[in-house]
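So this block is target_3.tsv, TSV, C-alpha atoms:
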```
chain	number	residue	atom	x	y	z
C	18	ALA	CA	-9.01	9.70	2.86
C	19	LEU	CA	-6.89	7.44	0.62
C	20	ARG	CA	-4.24	6.99	3.30
C	21	ASN	CA	-6.86	6.08	5.89
C	22	MET	CA	-8.33	3.49	3.55
C	23	LEU	CA	-4.89	1.99	2.89
C	24	TYR	CA	-4.38	1.63	6.65
C	25	LYS	CA	-7.77	-0.08	6.95
C	26	LEU	CA	-6.78	-2.47	4.14
C	27	GLY	CA	-3.67	-3.45	6.12
C	28	PHE	CA	-0.99	-1.51	4.25
C	29	TYR	CA	2.24	-0.48	5.97
C	30	LYS	CA	3.41	3.12	5.60
C	31	LEU	CA	7.05	2.84	4.50
C	32	GLN	CA	7.48	6.58	3.82
C	33	LYS	CA	5.15	9.59	3.69
C	34	SER	CA	3.67	8.58	0.34
C	35	ILE	CA	4.81	4.97	0.01
C	36	PHE	CA	2.61	2.18	1.30
C	37	VAL	CA	3.44	-1.51	0.99
C	38	HIS	CA	1.48	-4.74	1.10
C	39	PRO	CA	2.86	-8.27	0.77
C	40	TYR	CA	0.18	-9.52	-1.65
C	41	PRO	CA	-1.18	-8.38	-5.04
C	42	CYS	CA	-3.87	-5.76	-4.55
C	43	ASP	CA	-4.35	-4.03	-7.92
C	44	THR	CA	-8.10	-4.68	-7.90
C	45	GLU	CA	-8.55	-3.21	-4.44
C	46	ILE	CA	-6.54	-0.11	-5.30
C	47	GLU	CA	-8.62	0.45	-8.44
C	48	LEU	CA	-11.79	0.16	-6.37
C	49	VAL	CA	-10.53	2.66	-3.79
C	50	ARG	CA	-9.47	5.08	-6.54
C	51	GLY	CA	-12.94	4.85	-8.06
C	52	VAL	CA	-14.76	5.32	-4.74
C	53	PHE	CA	-12.71	8.39	-3.87
C	54	GLN	CA	-12.83	9.66	-7.46
C	55	ILE	CA	-9.07	10.15	-7.67
C	56	ARG	CA	-8.61	8.60	-11.10
C	57	PRO	CA	-7.12	11.77	-12.63
C	58	TYR	CA	-4.24	11.59	-10.13
C	59	GLU	CA	-1.32	9.27	-10.41
C	60	VAL	CA	-1.28	6.27	-8.09
C	61	MET	CA	1.57	3.91	-8.89
C	62	ILE	CA	1.57	0.23	-8.12
C	63	MET	CA	5.03	-1.32	-8.03
C	64	VAL	CA	6.23	-4.86	-7.46
C	65	ALA	CA	9.49	-5.25	-5.55
C	66	GLU	CA	11.43	-8.46	-5.06
C	67	SER	CA	13.19	-7.07	-2.01
C	68	ILE	CA	13.44	-3.85	-0.02
C	69	PRO	CA	15.93	-2.69	2.61
C	70	GLN	CA	13.53	-2.90	5.59
C	71	GLU	CA	12.36	-6.41	4.74
C	72	THR	CA	12.80	-7.81	8.26
C	73	ARG	CA	10.62	-5.10	9.81
C	74	LEU	CA	7.93	-5.61	7.17
C	75	LYS	CA	7.92	-9.38	7.61
C	76	LYS	CA	7.37	-8.86	11.32
C	77	PHE	CA	4.57	-6.34	10.70
C	78	PHE	CA	2.78	-8.66	8.26
C	79	GLN	CA	3.56	-11.71	10.41
C	80	LEU	CA	5.42	-13.48	7.60
C	81	SER	CA	8.26	-15.93	8.10
```

Please render this file's structure as C-alpha coordinates.
Amino acid sequence: ALRNMLYKLGFYKLQKSIFVHPYPCDTEIELVRGVFQIRPYEVMIMVAESIPQETRLKKFFQLS
(Lines of atoms letter the chains of each structure in order from A and count residues from 1; the text may use other names and numbers.)
(Lines give C-alpha, C1' and ligand atoms only; values in the text may rest on other atoms or scores of the structure.)
Protein backbone atom coordinates (compact mmCIF):
# COMPACT_ATOMS: atom_id res chain seq x y z
CA ALA A 1 0.00 0.00 0.00
CA LEU A 2 2.90 2.38 0.78
CA ARG A 3 4.49 1.82 -2.62
CA ASN A 4 1.19 2.49 -4.39
CA MET A 5 0.77 5.73 -2.47
CA LEU A 6 4.32 6.82 -3.35
CA TYR A 7 3.52 6.24 -7.03
CA LYS A 8 0.35 8.32 -6.67
CA LEU A 9 2.39 11.11 -5.06
CA GLY A 10 4.67 11.16 -8.10
CA PHE A 11 7.72 9.33 -6.74
CA TYR A 12 10.09 7.47 -9.06
CA LYS A 13 11.10 3.92 -8.15
CA LEU A 14 14.90 3.91 -8.38
CA GLN A 15 15.32 0.41 -6.92
CA LYS A 16 13.00 -2.13 -5.27
CA SER A 17 12.82 -0.19 -2.01
CA ILE A 18 14.22 3.20 -3.02
CA PHE A 19 11.89 5.92 -4.23
CA VAL A 20 12.99 9.42 -5.17
CA HIS A 21 11.30 12.79 -5.50
CA PRO A 22 12.93 16.07 -6.55
CA TYR A 23 11.32 18.20 -3.83
CA PRO A 24 11.14 18.07 -0.01
CA CYS A 25 8.29 15.83 1.09
CA ASP A 26 8.90 14.99 4.76
CA THR A 27 5.41 16.15 5.76
CA GLU A 28 3.72 14.02 3.13
CA ILE A 29 5.71 10.94 4.09
CA GLU A 30 4.80 11.41 7.76
CA LEU A 31 1.14 11.68 6.81
CA VAL A 32 1.28 8.51 4.71
CA ARG A 33 3.08 6.64 7.51
CA GLY A 34 0.35 7.71 9.93
CA VAL A 35 -2.51 6.77 7.61
CA PHE A 36 -1.08 3.32 6.97
CA GLN A 37 -0.03 2.92 10.61
CA ILE A 38 3.53 1.96 9.74
CA ARG A 39 5.23 4.16 12.31
CA PRO A 40 6.97 1.24 14.07
CA TYR A 41 8.82 0.42 10.83
CA GLU A 42 11.79 2.31 9.54
CA VAL A 43 11.21 4.66 6.64
CA MET A 44 14.30 6.70 5.84
CA ILE A 45 14.26 10.08 4.18
CA MET A 46 17.56 11.05 2.59
CA VAL A 47 18.70 14.16 0.76
CA ALA A 48 21.13 13.63 -2.11
CA GLU A 49 22.97 16.33 -4.01
CA SER A 50 23.49 14.05 -6.99
CA ILE A 51 22.85 10.46 -8.04
CA PRO A 52 24.21 8.38 -10.92
CA GLN A 53 20.95 8.26 -12.93
CA GLU A 54 20.35 12.00 -12.71
CA THR A 55 19.64 12.49 -16.42
CA ARG A 56 16.90 9.84 -16.43
CA LEU A 57 15.32 11.32 -13.31
CA LYS A 58 15.38 14.86 -14.69
CA LYS A 59 13.56 13.59 -17.76
CA PHE A 60 11.00 11.71 -15.65
CA PHE A 61 10.30 14.75 -13.46
CA GLN A 62 10.48 17.10 -16.47
CA LEU A 63 13.29 19.17 -14.96
CA SER A 64 15.93 21.01 -16.95

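Proximity of C:Lys33, C:Leu19, C:Ala65, C:Phe28 to Leu48 of chain C, computed with all atoms listed in the file, is greatest for C:Leu19.
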
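For the set C:Leu74, C:Met61, C:Val49, C:Ile68, the residue with the smallest atom-to-atom gap to Lys25 of chain C is C:Val49, counting all atoms listed in the file.
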
Query raised in the report: Which protein, DNA or RNA residues are at most 9 Å from (-4.1, -10.2, 7.6) in the file's coordinates when you count only C-alpha atoms, listed as a PyMOL selection string?
Result: chain C and resi 26-27+78-79

Query raised in the report: Which polymer residues have any atom within 12 Å of an atom of Arg73 of chain C, counting all atoms listed in the file, with same-chain residues fewer than 6 positions away left out, as a list in words?
Result: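 In the requested form, the answer reads Tyr29, Lys30, Leu31, Val37, Gln79, Leu80 and Ser81 of chain C.
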
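Straight-line separation from atom CA of Gln54 of chain C to atom CA of Met22 of chain C: 13.4 Å.
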
For segment 49-72 of chain C, which lacks atoms in the input, supply N, CA and C atoms and format the output as an mmCIF file, in the frame of the given file.
```cif
data_model
loop_
_atom_site.group_PDB
_atom_site.id
_atom_site.type_symbol
_atom_site.label_atom_id
_atom_site.label_comp_id
_atom_site.auth_asym_id
_atom_site.auth_seq_id
_atom_site.Cartn_x
_atom_site.Cartn_y
_atom_site.Cartn_z
ATOM 1 N N VAL C 49 -10.697 1.503 -4.679
ATOM 2 C CA VAL C 49 -10.530 2.660 -3.790
ATOM 3 C C VAL C 49 -10.400 3.939 -4.607
ATOM 4 N N ARG C 50 -9.618 3.894 -5.674
ATOM 5 C CA ARG C 50 -9.470 5.080 -6.540
ATOM 6 C C ARG C 50 -10.809 5.499 -7.108
ATOM 7 N N GLY C 51 -11.632 4.542 -7.510
ATOM 8 C CA GLY C 51 -12.940 4.850 -8.060
ATOM 9 C C GLY C 51 -13.881 5.428 -7.014
ATOM 10 N N VAL C 52 -13.885 4.841 -5.819
ATOM 11 C CA VAL C 52 -14.760 5.320 -4.740
ATOM 12 C C VAL C 52 -14.416 6.753 -4.366
ATOM 13 N N PHE C 53 -13.132 7.051 -4.255
ATOM 14 C CA PHE C 53 -12.710 8.390 -3.870
ATOM 15 C C PHE C 53 -12.556 9.338 -5.054
ATOM 16 N N GLN C 54 -12.885 8.862 -6.232
ATOM 17 C CA GLN C 54 -12.830 9.660 -7.460
ATOM 18 C C GLN C 54 -11.477 10.352 -7.627
ATOM 19 N N ILE C 55 -10.414 9.587 -7.524
ATOM 20 C CA ILE C 55 -9.070 10.150 -7.670
ATOM 21 C C ILE C 55 -8.392 9.626 -8.921
ATOM 22 N N ARG C 56 -9.180 9.147 -9.859
ATOM 23 C CA ARG C 56 -8.610 8.600 -11.100
ATOM 24 C C ARG C 56 -7.706 9.584 -11.853
ATOM 25 N N PRO C 57 -8.013 10.871 -11.874
ATOM 26 C CA PRO C 57 -7.120 11.770 -12.630
ATOM 27 C C PRO C 57 -5.704 11.869 -12.038
ATOM 28 N N TYR C 58 -5.541 11.482 -10.792
ATOM 29 C CA TYR C 58 -4.240 11.590 -10.130
ATOM 30 C C TYR C 58 -3.467 10.297 -10.265
ATOM 31 N N GLU C 59 -2.203 10.424 -10.231
ATOM 32 C CA GLU C 59 -1.320 9.270 -10.410
ATOM 33 C C GLU C 59 -1.196 8.473 -9.118
ATOM 34 N N VAL C 60 -1.512 7.211 -9.179
ATOM 35 C CA VAL C 60 -1.280 6.270 -8.090
ATOM 36 C C VAL C 60 -0.508 5.115 -8.706
ATOM 37 N N MET C 61 0.737 4.955 -8.300
ATOM 38 C CA MET C 61 1.570 3.910 -8.890
ATOM 39 C C MET C 61 1.524 2.640 -8.056
ATOM 40 N N ILE C 62 1.467 1.532 -8.760
ATOM 41 C CA ILE C 62 1.570 0.230 -8.120
ATOM 42 C C ILE C 62 2.872 -0.390 -8.623
ATOM 43 N N MET C 63 3.739 -0.752 -7.675
ATOM 44 C CA MET C 63 5.030 -1.320 -8.030
ATOM 45 C C MET C 63 5.193 -2.676 -7.368
ATOM 46 N N VAL C 64 5.922 -3.558 -8.017
ATOM 47 C CA VAL C 64 6.230 -4.860 -7.460
ATOM 48 C C VAL C 64 7.722 -4.908 -7.190
ATOM 49 N N ALA C 65 8.077 -5.200 -5.941
ATOM 50 C CA ALA C 65 9.490 -5.250 -5.550
ATOM 51 C C ALA C 65 9.832 -6.663 -5.092
ATOM 52 N N GLU C 66 10.980 -7.139 -5.511
ATOM 53 C CA GLU C 66 11.430 -8.460 -5.060
ATOM 54 C C GLU C 66 12.056 -8.394 -3.683
ATOM 55 N N SER C 67 12.634 -7.262 -3.346
ATOM 56 C CA SER C 67 13.190 -7.070 -2.010
ATOM 57 C C SER C 67 13.266 -5.577 -1.730
ATOM 58 N N ILE C 68 13.275 -5.234 -0.447
ATOM 59 C CA ILE C 68 13.440 -3.850 -0.020
ATOM 60 C C ILE C 68 14.312 -3.844 1.222
ATOM 61 N N PRO C 69 14.984 -2.732 1.503
ATOM 62 C CA PRO C 69 15.930 -2.690 2.610
ATOM 63 C C PRO C 69 15.353 -3.036 3.977
ATOM 64 N N GLN C 70 14.114 -2.678 4.261
ATOM 65 C CA GLN C 70 13.530 -2.900 5.590
ATOM 66 C C GLN C 70 12.693 -4.177 5.631
ATOM 67 N N GLU C 71 13.128 -5.179 4.902
ATOM 68 C CA GLU C 71 12.360 -6.410 4.740
ATOM 69 C C GLU C 71 12.057 -7.105 6.080
ATOM 70 N N THR C 72 13.001 -7.137 6.983
ATOM 71 C CA THR C 72 12.800 -7.810 8.260
ATOM 72 C C THR C 72 11.674 -7.150 9.059
#
```
